[in-house]
$ cat data08.txt   # compact mmCIF, C-alpha atoms and all ligand atoms
# COMPACT_ATOMS: atom_id res chain seq x y z
CA MET A 249 -99.62 53.24 -102.99
CA ASN A 250 -96.60 51.19 -103.92
CA GLY A 251 -97.85 48.27 -105.91
CA LYS A 252 -99.49 46.69 -102.93
CA GLY A 253 -102.95 47.25 -104.38
CA LYS A 254 -105.46 49.69 -103.10
CA MET A 255 -108.32 49.39 -100.68
CA LYS A 256 -110.02 52.71 -101.01
CA ILE A 257 -112.82 53.64 -98.69
CA THR A 258 -114.98 56.60 -99.48
CA CYS A 259 -117.65 58.09 -97.26
CA GLY A 260 -120.35 60.36 -98.44
CA THR A 261 -122.54 62.08 -95.88
CA ASP A 262 -125.38 64.43 -96.54
CA ILE A 263 -127.89 66.29 -94.50
CA ILE A 264 -131.24 66.87 -96.12
CA GLU A 265 -133.86 69.24 -94.80
CA ILE A 266 -137.17 67.42 -94.46
CA GLU A 267 -139.07 70.58 -95.27
CA ARG A 268 -137.29 70.94 -98.58
CA ILE A 269 -138.27 67.44 -99.64
CA GLN A 270 -141.83 67.86 -98.41
CA LYS A 271 -142.22 71.10 -100.41
CA SER A 272 -140.83 69.51 -103.55
CA ILE A 273 -143.13 66.53 -103.26
CA GLU A 274 -146.18 68.72 -102.61
CA LYS A 275 -145.31 71.03 -105.46
CA LEU A 276 -144.13 68.55 -108.08
CA GLY A 277 -146.14 65.51 -106.99
CA GLU A 278 -145.92 62.13 -108.69
CA LYS A 279 -143.45 63.24 -111.31
CA PHE A 280 -140.88 64.25 -108.74
CA LEU A 281 -141.38 61.05 -106.76
CA GLN A 282 -140.99 58.85 -109.79
CA THR A 283 -137.85 60.61 -110.92
CA ILE A 284 -136.10 60.21 -107.61
CA PHE A 285 -137.50 57.07 -106.04
CA THR A 286 -138.26 53.53 -107.16
CA GLU A 287 -141.74 52.05 -106.88
CA ASP A 288 -140.73 50.00 -103.86
CA GLU A 289 -139.29 53.04 -102.13
CA ILE A 290 -142.46 55.03 -102.75
CA ALA A 291 -144.62 52.19 -101.41
CA TYR A 292 -142.42 51.90 -98.32
CA CYS A 293 -142.44 55.61 -97.54
CA GLU A 294 -146.15 56.10 -98.20
CA ALA A 295 -146.86 53.32 -95.71
CA ARG A 296 -145.02 55.33 -93.04
CA LYS A 297 -147.96 57.82 -93.10
CA ALA A 298 -147.15 60.90 -90.99
CA GLN A 299 -143.45 60.07 -91.05
CA LYS A 300 -143.25 59.59 -94.79
CA TYR A 301 -141.33 62.77 -95.53
CA GLN A 302 -138.58 61.79 -93.10
CA HIS A 303 -138.22 58.47 -94.91
CA TYR A 304 -138.21 60.09 -98.33
CA ALA A 305 -135.59 62.56 -97.16
CA ALA A 306 -133.39 59.81 -95.72
CA ARG A 307 -133.50 57.97 -99.04
CA PHE A 308 -132.76 61.14 -100.91
CA ALA A 309 -129.71 61.67 -98.67
CA ALA A 310 -128.58 58.09 -99.21
CA LYS A 311 -128.74 58.45 -102.98
CA GLU A 312 -126.82 61.71 -102.94
CA ALA A 313 -124.16 60.23 -100.68
CA ALA A 314 -123.92 57.13 -102.89
CA PHE A 315 -123.36 59.25 -105.97
CA LYS A 316 -120.61 61.13 -104.18
CA ALA A 317 -118.93 57.95 -103.00
CA LEU A 318 -119.15 56.06 -106.29
CA SER A 319 -119.15 58.76 -108.96
CA GLY A 320 -115.50 58.16 -109.90
CA ASN A 321 -116.29 54.61 -110.98
CA LEU A 322 -119.83 55.07 -112.29
CA LYS A 323 -120.45 55.21 -116.00
CA GLY A 324 -122.75 57.96 -117.22
CA GLY A 325 -124.24 60.84 -115.27
CA MET A 326 -126.54 61.18 -112.30
CA ASN A 327 -129.46 58.80 -112.40
CA TRP A 328 -131.49 58.55 -109.20
CA GLN A 329 -133.02 55.24 -110.19
CA LEU A 330 -129.63 53.51 -110.14
CA PHE A 331 -129.84 53.25 -106.38
CA GLU A 332 -132.57 51.79 -104.21
CA VAL A 333 -132.68 51.81 -100.44
CA LYS A 334 -134.11 48.58 -99.10
CA LYS A 335 -134.90 47.49 -95.59
CA GLU A 336 -133.43 44.12 -94.76
CA LYS A 337 -135.12 41.64 -92.46
CA ASP A 338 -132.85 42.71 -89.62
CA GLY A 339 -134.19 46.23 -90.01
CA LYS A 340 -130.96 47.66 -91.39
CA PRO A 341 -131.04 49.59 -94.65
CA LYS A 342 -129.21 48.25 -97.64
CA LEU A 343 -128.25 49.95 -100.87
CA ALA A 344 -129.10 48.10 -104.07
CA ILE A 345 -127.12 49.32 -107.09
CA LYS A 346 -128.63 48.64 -110.49
CA CYS A 347 -125.49 48.80 -112.56
CA ASN A 348 -121.93 47.52 -112.41
CA VAL A 349 -119.52 49.74 -110.56
CA LYS A 350 -115.92 49.05 -111.53
CA ASP A 351 -113.84 47.48 -108.75
CA LEU A 352 -116.51 47.93 -106.08
CA GLU A 353 -116.41 45.15 -103.55
CA ASN A 354 -118.98 46.23 -101.02
CA VAL A 355 -121.08 49.19 -100.02
CA ASP A 356 -122.60 49.89 -96.61
CA ILE A 357 -125.11 52.57 -95.81
CA SER A 358 -126.66 53.96 -92.69
CA ILE A 359 -129.52 56.43 -92.64
CA SER A 360 -131.13 58.39 -89.87
CA HIS A 361 -133.65 61.16 -89.50
CA CYS A 362 -135.12 63.43 -86.88
CA LYS A 363 -137.95 65.88 -87.16
CA GLN A 364 -136.10 68.40 -89.31
CA TYR A 365 -133.23 66.59 -90.93
CA ALA A 366 -132.31 63.33 -92.55
CA THR A 367 -128.79 62.12 -93.09
CA ALA A 368 -127.05 59.18 -94.72
CA ASN A 369 -123.59 57.72 -94.68
CA VAL A 370 -122.17 55.53 -97.42
CA VAL A 371 -118.96 53.51 -97.13
CA ALA A 372 -117.65 51.95 -100.32
CA THR A 373 -114.97 49.28 -100.18
CA TRP A 374 -112.93 48.76 -103.30
CA LYS A 375 -111.32 45.60 -104.57
CA GLU A 376 -107.59 45.32 -104.31
CA SER A 377 -106.12 45.69 -107.72
CA ALA A 378 -102.53 45.36 -108.79
CA GLN A 379 -100.64 48.46 -109.75
CA PHE A 380 -97.87 48.44 -112.31
CA PHE A 381 -94.65 50.37 -112.79
CA ASP A 382 -93.59 50.64 -116.43
CA SER A 383 -89.87 51.17 -115.98
CA HIS A 384 -89.14 52.19 -119.57
CA ALA A 385 -91.34 53.88 -122.18
CA HIS A 386 -90.99 56.60 -124.80
CA TYR A 387 -94.01 58.90 -124.66
CA ASN A 388 -91.60 61.46 -126.10
CA ASP A 389 -91.71 59.49 -129.38
CA GLU A 390 -93.46 61.09 -132.35
CA LYS A 391 -95.77 58.07 -132.61
CA PHE A 392 -97.66 59.61 -129.67
CA ASP A 393 -97.91 63.12 -131.17
CA GLU A 394 -101.55 62.66 -132.18
CA ASP A 395 -102.99 61.45 -128.88
CA ARG A 396 -100.31 61.67 -126.19
CA GLU A 397 -102.55 63.12 -123.47
CA THR A 398 -105.34 60.65 -124.10
CA VAL A 399 -103.01 57.65 -123.91
CA ILE A 400 -101.34 58.91 -120.75
CA GLN A 401 -104.74 59.38 -119.10
CA GLN A 402 -105.81 55.88 -120.23
CA ILE A 403 -102.74 54.10 -118.91
CA HIS A 404 -103.14 55.79 -115.57
CA ASN A 405 -106.79 54.68 -115.42
CA GLU A 406 -105.54 51.14 -116.08
CA ASN A 407 -103.46 51.14 -112.90
CA ILE A 408 -100.14 52.02 -114.44
CA THR A 409 -99.40 54.25 -111.49
CA LYS A 410 -95.75 54.93 -112.16
CA MET A 411 -93.81 55.15 -115.38
CA VAL A 412 -90.43 56.40 -116.55
CA CYS A 413 -90.20 58.27 -119.83
CA ILE A 414 -86.79 57.58 -121.34
CA GLY A 415 -84.65 60.03 -123.33
CA TYR A 416 -82.29 58.89 -126.09
CA ASP A 417 -80.87 62.13 -127.47
CA ILE A 418 -80.88 65.76 -126.38
CA GLU A 419 -84.23 66.69 -127.86
CA SER A 420 -86.05 63.58 -126.61
CA SER A 421 -84.46 64.04 -123.18
CA GLN A 422 -85.76 67.60 -123.01
CA PHE A 423 -89.20 66.37 -123.96
CA ALA A 424 -89.08 63.50 -121.42
CA VAL A 425 -88.36 66.03 -118.66
CA LYS A 426 -91.21 68.18 -119.89
CA ILE A 427 -93.67 65.28 -119.79
CA ALA A 428 -92.49 64.26 -116.31
CA ASP A 429 -93.00 67.84 -115.15
CA GLN A 430 -96.61 67.71 -116.32
CA TYR A 431 -97.64 64.43 -114.73
CA ASP A 432 -96.94 63.50 -111.12
CA PHE A 433 -96.81 59.77 -111.83
CA ILE A 434 -94.26 60.06 -114.64
CA TYR A 435 -90.50 60.35 -114.15
CA ALA A 436 -87.79 60.92 -116.76
CA THR A 437 -84.32 59.84 -117.75
CA VAL A 438 -81.93 61.86 -119.87
CA GLY A 439 -79.10 60.58 -122.04
CA ILE A 440 -77.69 60.00 -125.49
CA SER A 441 -78.09 56.50 -126.90
CA PRO A 442 -75.36 54.86 -129.01
CA ASN A 443 -77.61 55.18 -132.06
CA ASP A 444 -77.92 58.94 -131.69
CA ILE A 445 -74.32 60.15 -131.43
CA ASP A 446 -73.77 60.98 -135.08
CA ASN A 447 -72.83 64.63 -135.56
CA LEU A 448 -72.58 65.14 -131.80
CA GLN A 449 -69.55 66.45 -129.96
CA ILE A 450 -68.75 64.84 -126.63
CA ALA A 451 -69.12 68.28 -125.04
CA GLU A 452 -72.84 68.12 -125.76
CA ILE A 453 -73.14 65.86 -122.74
CA ASP A 454 -73.15 69.15 -120.80
CA LYS A 455 -76.71 69.63 -122.07
CA ILE A 456 -77.64 66.28 -120.52
CA ARG A 457 -75.96 67.36 -117.28
CA ALA A 458 -78.09 70.51 -117.20
CA LEU A 459 -81.31 68.56 -117.83
CA ALA A 460 -80.45 65.98 -115.18
CA LYS A 461 -80.69 68.62 -112.47
CA ASN A 462 -84.49 68.51 -112.76
CA ASN A 463 -85.82 66.63 -109.73
CA LYS A 464 -88.04 64.33 -111.81
CA VAL A 465 -84.96 62.92 -113.54
CA VAL A 466 -84.27 59.50 -112.03
CA ALA A 467 -81.44 58.12 -114.20
CA ILE A 468 -78.99 58.74 -117.02
CA GLY A 469 -80.12 56.77 -120.03
CA GLU A 470 -80.61 55.18 -122.26
CA ILE A 471 -76.90 54.89 -122.88
CA GLY A 472 -74.73 51.98 -123.98
CA LEU A 473 -73.38 50.21 -127.02
CA ASP A 474 -75.16 49.03 -130.14
CA TYR A 475 -73.00 47.15 -132.66
CA TYR A 476 -76.07 45.76 -134.39
CA TRP A 477 -77.06 49.10 -135.93
CA ASN A 478 -73.64 50.78 -135.87
CA LYS A 479 -70.39 48.89 -136.31
CA GLU A 480 -68.38 51.76 -137.74
CA ASN A 481 -68.16 54.03 -134.72
CA LYS A 482 -67.43 51.68 -131.83
CA LYS A 483 -64.77 53.96 -130.31
CA SER A 484 -67.09 56.92 -130.35
CA GLN A 485 -69.94 54.88 -128.83
CA GLN A 486 -67.65 53.76 -126.03
CA GLU A 487 -66.55 57.33 -125.36
CA PHE A 488 -70.15 58.57 -125.04
CA PHE A 489 -71.01 55.58 -122.85
CA VAL A 490 -68.11 56.10 -120.45
CA LYS A 491 -68.60 59.87 -120.22
CA GLN A 492 -72.26 59.42 -119.38
CA ILE A 493 -71.48 56.77 -116.76
CA GLU A 494 -69.16 59.34 -115.19
CA LEU A 495 -71.96 61.89 -115.34
CA ALA A 496 -74.30 59.48 -113.54
CA ASP A 497 -71.67 59.00 -110.84
CA GLU A 498 -71.19 62.73 -110.50
CA LEU A 499 -74.95 63.23 -110.07
CA ASP A 500 -75.52 60.10 -107.97
CA LEU A 501 -77.97 58.64 -110.48
CA PRO A 502 -78.33 55.07 -111.77
CA ILE A 503 -77.89 54.34 -115.48
CA VAL A 504 -80.26 52.73 -118.00
CA ILE A 505 -78.31 50.59 -120.42
CA HIS A 506 -79.10 49.81 -124.03
CA CYS A 507 -76.94 46.95 -125.21
CA ARG A 508 -77.22 45.18 -128.54
CA ASP A 509 -74.65 42.81 -129.98
CA ALA A 510 -72.09 44.38 -127.66
CA VAL A 511 -72.22 42.25 -124.53
CA MET A 512 -68.50 41.81 -123.94
CA ASP A 513 -67.57 45.47 -124.39
CA THR A 514 -70.51 46.60 -122.27
CA LEU A 515 -69.59 44.30 -119.40
CA GLU A 516 -65.93 45.28 -119.70
CA ILE A 517 -66.78 48.98 -119.34
CA LEU A 518 -69.16 48.33 -116.45
CA LYS A 519 -66.61 46.27 -114.57
CA HIS A 520 -64.26 49.24 -114.64
CA ARG A 521 -66.73 51.94 -113.89
CA ILE A 522 -65.49 54.64 -111.64
CA ASN A 523 -67.81 54.07 -108.75
CA PRO A 524 -68.68 50.38 -108.43
CA LYS A 525 -71.40 51.10 -105.88
CA LYS A 526 -73.54 52.86 -108.45
CA ARG A 527 -75.90 50.57 -110.28
CA GLY A 528 -78.36 50.59 -113.07
CA ILE A 529 -80.71 48.70 -115.31
CA PHE A 530 -80.24 46.53 -118.35
CA HIS A 531 -83.27 47.58 -120.35
CA CYS A 532 -85.14 45.36 -122.80
CA CYS A 533 -82.83 42.66 -121.74
CA MET A 534 -81.53 40.45 -124.49
CA LEU A 535 -82.46 36.94 -123.56
CA ASN A 536 -78.90 35.87 -123.09
CA LYS A 537 -78.37 33.80 -119.98
CA GLU A 538 -74.65 34.56 -119.75
CA LEU A 539 -75.13 38.31 -120.03
CA ILE A 540 -77.82 38.18 -117.38
CA LYS A 541 -75.64 36.17 -115.06
CA GLU A 542 -72.79 38.69 -115.35
CA ALA A 543 -75.06 41.72 -115.07
CA VAL A 544 -76.73 40.38 -111.94
CA LYS A 545 -73.30 39.64 -110.47
CA LEU A 546 -72.40 43.29 -111.01
CA GLY A 547 -75.55 44.28 -109.11
CA PHE A 548 -77.61 45.40 -112.08
CA TYR A 549 -81.38 45.16 -112.43
CA ILE A 550 -82.82 43.36 -115.43
CA SER A 551 -85.81 44.88 -117.16
CA PHE A 552 -87.94 42.59 -119.31
CA SER A 553 -90.10 43.85 -122.15
CA GLY A 554 -92.58 42.44 -124.66
CA ASN A 555 -89.92 40.37 -126.40
CA ILE A 556 -90.24 37.69 -123.69
CA THR A 557 -93.69 36.89 -125.09
CA PHE A 558 -92.44 36.32 -128.64
CA LYS A 559 -92.36 32.85 -130.08
CA ASN A 560 -88.95 31.18 -129.91
CA ALA A 561 -87.81 33.69 -127.31
CA LYS A 562 -85.52 32.06 -124.81
CA ALA A 563 -87.53 33.72 -122.10
CA LYS A 564 -87.69 30.85 -119.66
CA GLU A 565 -84.01 30.38 -118.90
CA ALA A 566 -83.40 34.13 -118.96
CA ILE A 567 -86.15 34.89 -116.46
CA GLU A 568 -85.15 31.99 -114.26
CA GLU A 569 -81.65 33.47 -114.07
CA VAL A 570 -82.81 36.74 -112.48
CA PRO A 571 -83.49 36.84 -108.74
CA LEU A 572 -86.86 38.36 -107.85
CA ASP A 573 -85.34 41.44 -106.25
CA LYS A 574 -83.68 42.41 -109.53
CA ILE A 575 -86.63 42.05 -111.92
CA LEU A 576 -88.23 45.05 -113.61
CA ILE A 577 -90.99 45.19 -116.21
CA GLU A 578 -91.21 47.63 -119.09
CA THR A 579 -92.92 48.17 -122.42
CA ASP A 580 -90.39 50.27 -124.39
CA SER A 581 -93.54 51.85 -125.87
CA PRO A 582 -94.31 52.55 -128.64
CA TYR A 583 -92.09 49.63 -129.69
CA LEU A 584 -91.84 45.93 -128.81
CA THR A 585 -95.55 45.23 -128.43
CA PRO A 586 -96.02 41.89 -126.70
CA GLU A 587 -97.97 38.96 -128.04
CA PRO A 588 -100.84 38.68 -128.84
CA LEU A 589 -100.90 42.37 -129.83
CA ARG A 590 -97.69 42.37 -131.86
CA GLY A 591 -97.87 44.77 -134.80
CA GLN A 592 -99.91 47.41 -132.94
CA ARG A 593 -98.45 50.50 -131.32
CA ASN A 594 -97.39 49.61 -127.80
CA ASP A 595 -98.43 51.47 -124.65
CA SER A 596 -97.88 50.95 -120.94
CA GLN A 597 -101.07 48.94 -120.32
CA ASN A 598 -99.31 46.04 -122.03
CA VAL A 599 -96.77 45.87 -119.24
CA LYS A 600 -99.36 43.55 -117.69
CA LEU A 601 -98.67 40.99 -120.43
CA VAL A 602 -94.97 41.12 -119.57
CA ALA A 603 -95.82 40.63 -115.88
CA GLU A 604 -98.07 37.69 -116.78
CA LYS A 605 -95.29 35.93 -118.65
CA ILE A 606 -92.81 36.41 -115.80
CA ALA A 607 -95.43 35.25 -113.28
CA GLU A 608 -96.02 32.10 -115.31
CA ILE A 609 -92.30 31.27 -115.41
CA LYS A 610 -91.63 32.17 -111.78
CA GLY A 611 -94.74 30.27 -110.63
CA LEU A 612 -96.22 33.35 -108.96
CA LYS A 613 -99.36 35.44 -109.34
CA VAL A 614 -99.38 38.47 -111.63
CA GLU A 615 -100.19 40.62 -108.58
CA GLU A 616 -97.04 39.39 -106.88
CA ILE A 617 -94.85 40.19 -109.89
CA ALA A 618 -96.55 43.60 -110.14
CA LYS A 619 -95.74 44.35 -106.50
CA ILE A 620 -92.18 43.02 -106.59
CA SER A 621 -91.24 44.80 -109.81
CA TYR A 622 -92.90 47.98 -108.55
CA GLU A 623 -90.81 48.02 -105.41
CA ASN A 624 -87.66 47.14 -107.36
CA ALA A 625 -88.24 50.04 -109.77
CA GLU A 626 -88.85 52.46 -106.90
CA ARG A 627 -85.64 51.25 -105.26
CA ILE A 628 -83.30 51.49 -108.26
CA TYR A 629 -84.76 54.79 -109.46
CA GLN A 630 -84.59 56.06 -105.85
CA ILE A 631 -88.14 57.34 -105.87
CA GLN A 632 -89.59 55.21 -103.11
CA ASN A 633 -89.71 58.14 -100.73
CA LYS A 634 -91.46 60.50 -103.06
CA ILE A 635 -95.08 60.95 -102.20
CA TYR A 636 -97.61 59.77 -104.75
CA LYS A 637 -100.11 62.42 -105.65
CA GLU A 638 -103.14 62.27 -107.89
CA PRO A 639 -101.99 63.20 -111.38
CA ARG A 640 -102.51 66.59 -112.89
CA PHE A 641 -103.47 66.24 -116.52
CA LYS A 642 -102.30 69.41 -118.14
CA LYS A 643 -101.90 70.15 -121.78
CA ILE A 644 -98.48 69.35 -123.14
CA LYS A 645 -97.16 70.78 -126.31
CA GLN A 646 -94.10 69.43 -127.98
CA GLN A 647 -91.59 72.05 -128.93
CA LYS A 648 -89.59 71.15 -131.95
NI NI A 701 -86.00 52.29 -125.12

$ encode --input "data08.txt" --output "structure tokens" --more "lines below"
Ligand code: NI
Amino acid sequence: MNGKGKMKITCGTDIIEIERIQKSIEKLGEKFLQTIFTEDEIAYCEARKAQKYQHYAARFAAKEAAFKALSGNLKGGMNWQLFEVKKEKDGKPKLAIKCNVKDLENVDISISHCKQYATANVVATWKESAQFFDSHAHYNDEKFDEDRETVIQQIHNENITKMVCIGYDIESSQFAVKIADQYDFIYATVGISPNDIDNLQIAEIDKIRALAKNNKVVAIGEIGLDYYWNKENKKSQQEFFVKQIELADELDLPIVIHCRDAVMDTLEILKHRINPKKRGIFHCCMLNKELIKEAVKLGFYISFSGNITFKNAKAKEAIEEVPLDKILIETDSPYLTPEPLRGQRNDSQNVKLVAEKIAEIKGLKVEEIAKISYENAERIYQIQNKIYKEPRFKKIKQQK
């Protein structure tokens, strides 16, 4: 499961006692038959005379197995009439499904029966579908306080199968770690952003160091320089930036960089970083071709967000500048909602719109951009070797 798309095969096998079916039919009669079987199935089985109970039982087994195999993608509860076992001209049984099953490509069944038992086997083949890695989102933001768990469940259902929750001050970093601890598919970063250093002593970085020891923490960030919002404290911003780069080096973690109206100073600091082998990510990359060129030269990854879909955005030349093996996609949720949804709260599903735009400019399919950016994100965050597990959806409570 690493962005290559999934081809899931599920088998459901069941053994049904013929006697049990026979007793039910004798006891409950027509009503039972009509609940479980379709008219065609009843006609077929009745025509088998002495063997009819074996045929009923085999169909019963097939329906049970089908429910088991498909239940994850079926809407609504158990309804026996959704499935019908048909005999094809070649004599093989076929399963007709009377509703749409999400992402189902094909289903094969086999049924068999002897004197006492009937059994069925169902093999469901699922369509390949692209999986996405949202490399930067803030589910620790208060805009998700009302429905955080619901949204996280939804994005996972929509094939966002990895995501990094980004910290920006001590409290949000603590919360990012907490969220990552609750959900297997979510990772965290911890750091103090240039817009959150007011009233902080440099020694407080020790709190970030302590948080970074958690094994779901994949980077130090977001850190950097922001002269758009804060021009008065440039020296202090630089000090926090450098100290946190040193922390990342000490812990062997990449960095996630926030840079706004501070390109020259940011590049200057990065060029002189203590360990030049350590890399990172330019998040929500400003669409500045020169910055991108320099950042790529330094070995950094470039993460694009919804702003590439905005009108007048210089997305084309910026995206063209980044080699495929350095491209990441992100949402920066709940902010920076891409077109055509601008104005709404953003969530990770919309990372697909970012992928679409990049695919269009690079002349590739969305699935290809999904796969490439997925592998890039796993590489830079050094999580490619961690085993993907089905998520646990536990209750999270924010502690404030
Ligand atoms: Ni951010």

$ residues_near_ligand --input "data08.txt" --ligand "ligand NI 701 (chain A)" --cutoff "9 Å" --atoms "all atoms listed in the file" --output "list of chain:residue names"
A:His384, A:Ala385, A:His386, A:Ile414, A:Gly415, A:Tyr416, A:Gly469, A:Glu470, A:His506, A:His531, A:Cys532, A:Thr579, A:Asp580, A:Ser581, A:Tyr583

$ atom_distance --input "data08.txt" --atom1 "CA of Asn327 in chain A" --atom2 "CA of Ile284 in chain A"
8.3 Å

$ atom_distance --input "data08.txt" --atom1 "CA of Thr286 in chain A" --atom2 "CA of Leu343 in chain A"
12.4 Å

$ atom_distance --input "data08.txt" --atom1 "CA of Lys605 in chain A" --atom2 "CA of Thr557 in chain A"
6.7 Å

$ closest_residue --input "data08.txt" --among "A:Phe489, A:Phe331, A:Phe380, A:Tyr476" --to "Arg521 in chain A" --atoms "all atoms listed in the file"
A:Phe489

$ axis_aligned_box --input "data08.txt" --around "range 572-584 of chain A" --padding-each-side "3 Å" --output "AutoDock Vina command-line options"
--center_x -89.0 --center_y 45.5 --center_z -118.0 --size_x 16.6 --size_y 20.2 --size_z 29.4

$ residues_around --input "data08.txt" --residues "Phe308 in chain A" --least-positions-apart "5" --cutoff "9 Å" --atoms "all atoms listed in the file" --output "list of chain:residue names"
A:Ile264, A:Ile269, A:Ile284, A:Phe285, A:His303, A:Ala313, A:Trp328, A:Ala366, A:Thr367, A:Ala368

$ residues_around --input "data08.txt" --residues "Lys464 in chain A" --least-positions-apart "3" --cutoff "10 Å" --atoms "all atoms listed in the file" --output "number ranges by chain"
A: 412, 424-429, 432-437, 459-461, 467, 631

$ closest_residue --input "data08.txt" --among "A:Glu406, A:Glu265, A:Glu419, A:Glu397" --to "Tyr301 in chain A" --atoms "all atoms listed in the file"
A:Glu265

$ residues_near_point --input "data08.txt" --point "(-74.0, 57.1, -128.1)" --cutoff "9 Å" --atoms "only C-alpha atoms" --output "NGL selection string"
:A and (416-417 or 439-446 or 448 or 471-474 or 484-489)

$ residues_around --input "data08.txt" --residues "Ala305 in chain A" --least-positions-apart "3" --cutoff "12 Å" --atoms "only C-alpha atoms" --output "count of residues only"
38

$ residues_around --input "data08.txt" --residues "range 539-553 of chain A" --least-positions-apart "3" --cutoff "7 Å" --atoms "only C-alpha atoms" --output "list of chain:residue names"
A:Val511, A:Arg527, A:Gly528, A:Ile529, A:Phe530, A:His531, A:Cys532, A:Cys533, A:Asn536, A:Ile556, A:Glu569, A:Lys574, A:Ile575, A:Leu576, A:Ile577, A:Glu578, A:Thr579, A:Asp580, A:Val602

$ residues_around --input "data08.txt" --residues "Pro586 in chain A" --least-positions-apart "5" --cutoff "7 Å" --atoms "all atoms listed in the file" --output "list in words"
Gly554, Asn555, Thr557, Phe558 and Leu601 of chain A

$ residues_near_point --input "data08.txt" --point "(-120.4, 61.5, -101.8)" --cutoff "7 Å" --atoms "only C-alpha atoms" --output "PyMOL selection string"
chain A and resi 259-261+312-317

$ closest_residue --input "data08.txt" --among "A:Leu518, A:Leu612, A:Met411, A:Ile450" --to "Tyr629 in chain A" --atoms "all atoms listed in the file"
A:Met411

$ decode --input "data08.txt" --residues "range 601-634 of chain A" --atoms "C-alpha atoms" --output "compact mmCIF listing (two decimals), in the first residue's frame"
# COMPACT_ATOMS: atom_id res chain seq x y z
CA LEU A 601 -7.44 18.79 -6.83
CA VAL A 602 -3.82 19.75 -6.23
CA ALA A 603 -2.70 16.47 -7.82
CA GLU A 604 -4.99 17.11 -10.79
CA LYS A 605 -3.46 20.51 -11.44
CA ILE A 606 0.09 19.14 -11.27
CA ALA A 607 -0.88 16.23 -13.52
CA GLU A 608 -2.29 18.65 -16.08
CA ILE A 609 0.91 20.71 -16.14
CA LYS A 610 3.26 17.74 -16.12
CA GLY A 611 1.21 15.96 -18.80
CA LEU A 612 0.65 12.90 -16.60
CA LYS A 613 -2.33 11.09 -15.12
CA VAL A 614 -3.59 12.00 -11.65
CA GLU A 615 -2.85 8.42 -10.58
CA GLU A 616 0.77 8.87 -11.59
CA ILE A 617 1.15 12.10 -9.63
CA ALA A 618 -0.57 10.43 -6.66
CA LYS A 619 1.92 7.55 -6.75
CA ILE A 620 5.00 9.70 -7.32
CA SER A 621 4.15 12.22 -4.60
CA TYR A 622 3.23 9.39 -2.24
CA GLU A 623 6.60 7.75 -2.64
CA ASN A 624 8.39 11.10 -2.36
CA ALA A 625 6.59 11.89 0.91
CA GLU A 626 7.41 8.46 2.33
CA ARG A 627 11.05 8.98 1.36
CA ILE A 628 11.57 12.46 2.81
CA TYR A 629 9.60 11.71 5.98
CA GLN A 630 11.50 8.40 6.27
CA ILE A 631 8.37 6.36 6.81
CA GLN A 632 8.55 4.10 3.79
CA ASN A 633 9.54 1.14 5.91
CA LYS A 634 6.78 1.49 8.43
